[in-house]
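Undergrad: The structure that follows is given in the form of structure tokens.
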Amino acid sequence: MDEMESGVVKKFMFINRKPPHGTVYALEVLEMVLISAAFDQDVHLAFIDDGVYQIKKGQAPAEIGCKNFSPTYRALDGYDIEKLYVEAEGLAERGLTEDDLLVPVEVLSRAELGKLMGEMDVILTA
Amino acid sequence: MAYTSKGASIEADEEGYLININEWNEELADQIAKDEGITMSTEHWEVVNFLREYYAEYQIAPAVRVLTKAIAKKMGPDKGSNKYLYELFPYGPGKQACKIAGLPKPTGCV
Amino acid sequence: MTMLHTVNKSPFERNNLDSCLGHAQPGDAILLIEDAVYAAMGGTNIAGKIADAAKTFRLHVLGPDLKARGCDPANLVAGVTVVDYGGFVELAAQNKAVNAWL
């Protein structure tokens with residue numbers, strides 16, 4: 001907190017690698033990301049492995065009793081969280097393309113994303 | 001706690017935020033506003049309706065900073081200012097306007 | 001500056017370790033804890049991959065988690081070293097950040 005209050009900006013990366021509705025991880029990370037926006041840090045959000053399913057278009061989980069939080073990813077831009085990355089291999093393995101995603105992202109290779117992760121000060125993977 | 005509106009009991013949490021956003025109606029909004037010491041004007045409704053549209057699109061109640069920016073974008077800088085919004089909702093546009101709009105408390109709002 | 005990665009799931013059940021190995025940078029430290037310690041054992045069908053990884057990364061395994069599971073530290077894949085809880089803390093302190101692969 002002290003560092004944040006004194007204006008030190010750190011590079012944060014939230015790495016999502018789980019699907020959206022089977023566990024609560026995706027929603028919890030999304031809430032953390034929204035809250036992190038209040039601290040004016042350099043926030044990065046990555047979707048790898050099954051995490052790419054979090055931003056797949058067309059989700060409608062009402063019948064399984066889950067909140068549809070997928071539209072909330074589109075609100076991130078308004079929170080000045082604009083650094084969204086998706087792993088190309090994760091998309092390809094699952095037969096998905098950028099057109100299947102509900103929010104604009106930068107698609108990076110696993111190697112590029114690994115390098116970017118190495119530049120972070122704080123990483124939270126879930 | 002619960003409100004009574006149009007003969008129906010409408011469930012709310014201990015702070016007065018609706019449990020089910022779909023149970024909201026305009027009469028209930030007037031009632032919640034009155035509890036908050038607010039008499040709804042055209043300007044209040046403009047913000048409340050904006051919040052409901054925002055929620056319908058993004059499924060969250062926006063943080064105040066985000067609300068202010070979004071209102072400035074849609075209705076101009078005079079209305080998209082902390083001063084204007086706090087004059088309408090003295091205890092905070094996030095807290096009061098969201099409650100009146102039937103939305104949950106904004107994420108990260110304590 | 002290097003990172004410390006922790007992995008805590010069996011590689012035979014989840015892909016945490018694969019994902020970690022695919023993203024970690026050369027020289028990074030990887031510590032296998034909890035059910036991930038099975039990955040460090042010799043004779044498995046991934047032992048070759050782990051031995052290769054030990055050449056690129058500093059590969060460690062948490063001793064108490066091995067012991068708890070009846071895994072013999074003498075039977076680890078070459079290049080993997082055992083650390084205790086104190087070693088875990090040292091690793092966290094030596095590296096720029098910790099990435100916990102859940």
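Ordered as shown in the structure tokens, chains take letters A, B, and onward, while each chain numbers its residues from 1 and ligands are numbered from 1 in the order shown.
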Write out as number ranges by chain the residues lying within 10 Å of region 14-24 of chain C, counting only C-alpha atoms and excluding same-chain residues fewer than 4 positions away.
TA: A: 17, 48-49, 110-118; C: 2-10, 28-30, 32, 36, 39, 49-50, 53, 56-57, 99-102
Undergrad: Could you please tell me, as JSON, numbers by chain, which residues of chain A have an atom within 12 Å of chain B when using only C-alpha atoms?
TA: {"A": [27, 28, 30, 31, 32, 33, 34, 35, 36, 37, 38, 39, 40, 67, 68, 69, 70, 71, 72, 73, 74, 75, 76, 77, 78, 79, 80, 81, 102, 103]}
Undergrad: Please provide as a VMD selection string all residues within 10 Å of Tyr85 (chain C), with the sequence filter that same-chain residues fewer than 3 positions apart are discarded (counting only C-alpha atoms).
TA: chain C and resid 62 to 64 88 to 91
Undergrad: Distance cut-off 6 Å, counting only C-alpha atoms - which residues of chain A neighbour chain C? Return them as a PyMOL selection string.
TA: chain A and resi 114+121-123+125-126
Undergrad: Would you save the residues of that selection, restricted to N, CA, C and O atoms, as a PDB file, in the first residue's frame?
TA:
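Heads up, here's the output in result.pdb:
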ATOM      1  N   GLY A 114       5.702 -15.546 -22.635  1.00  0.00           N
ATOM      2  CA  GLY A 114       6.649 -15.940 -21.586  1.00  0.00           C
ATOM      3  C   GLY A 114       7.644 -14.823 -21.307  1.00  0.00           C
ATOM      4  O   GLY A 114       7.956 -14.510 -20.157  1.00  0.00           O
ATOM      5  N   ASP A 121       6.490  -7.258 -12.350  1.00  0.00           N
ATOM      6  CA  ASP A 121       6.911  -7.164 -10.946  1.00  0.00           C
ATOM      7  C   ASP A 121       6.052  -8.059 -10.060  1.00  0.00           C
ATOM      8  O   ASP A 121       6.496  -8.535  -9.020  1.00  0.00           O
ATOM      9  N   VAL A 122       4.790  -8.206 -10.433  1.00  0.00           N
ATOM     10  CA  VAL A 122       3.866  -9.025  -9.639  1.00  0.00           C
ATOM     11  C   VAL A 122       3.032  -9.858 -10.602  1.00  0.00           C
ATOM     12  O   VAL A 122       2.514  -9.326 -11.588  1.00  0.00           O
ATOM     13  N   ILE A 123       2.929 -11.159 -10.314  1.00  0.00           N
ATOM     14  CA  ILE A 123       2.123 -12.034 -11.170  1.00  0.00           C
ATOM     15  C   ILE A 123       1.128 -12.798 -10.313  1.00  0.00           C
ATOM     16  O   ILE A 123       1.479 -13.307  -9.241  1.00  0.00           O
ATOM     17  N   THR A 125      -1.446 -15.906 -10.977  1.00  0.00           N
ATOM     18  CA  THR A 125      -1.963 -16.899 -11.919  1.00  0.00           C
ATOM     19  C   THR A 125      -3.102 -17.668 -11.268  1.00  0.00           C
ATOM     20  O   THR A 125      -3.005 -18.047 -10.105  1.00  0.00           O
ATOM     21  N   ALA A 126      -4.172 -17.846 -11.999  1.00  0.00           N
ATOM     22  CA  ALA A 126      -5.289 -18.642 -11.468  1.00  0.00           C
ATOM     23  C   ALA A 126      -6.047 -19.269 -12.624  1.00  0.00           C
ATOM     24  O   ALA A 126      -6.059 -18.746 -13.720  1.00  0.00           O
TER      25      ALA A 126
END
Undergrad: Pick out each residue of chain A that DSSP on the backbone tags as helix (DSSP H, G or I); I need them as a VMD selection string.
TA: chain A and resid 2 to 5 25 to 39 49 to 55 61 to 64 70 to 79 88 to 93 98 to 100 110 to 118
Undergrad: Record the distance separating CA of Thr68 (chain B) and CA of Leu85 (chain B), expressed in Å with one decimal.
TA: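 One can read the CA of Thr68 (chain B) to CA of Leu85 (chain B) distance as 7.9 Å.
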Undergrad: List the spatial neighbours of region 73-83 of chain C as a VMD selection string - criterion: any atom at most 6 Å away, only C-alpha atoms, same-chain residues fewer than 6 positions off excluded.
TA: chain C and resid 40 to 42 54 59 to 63
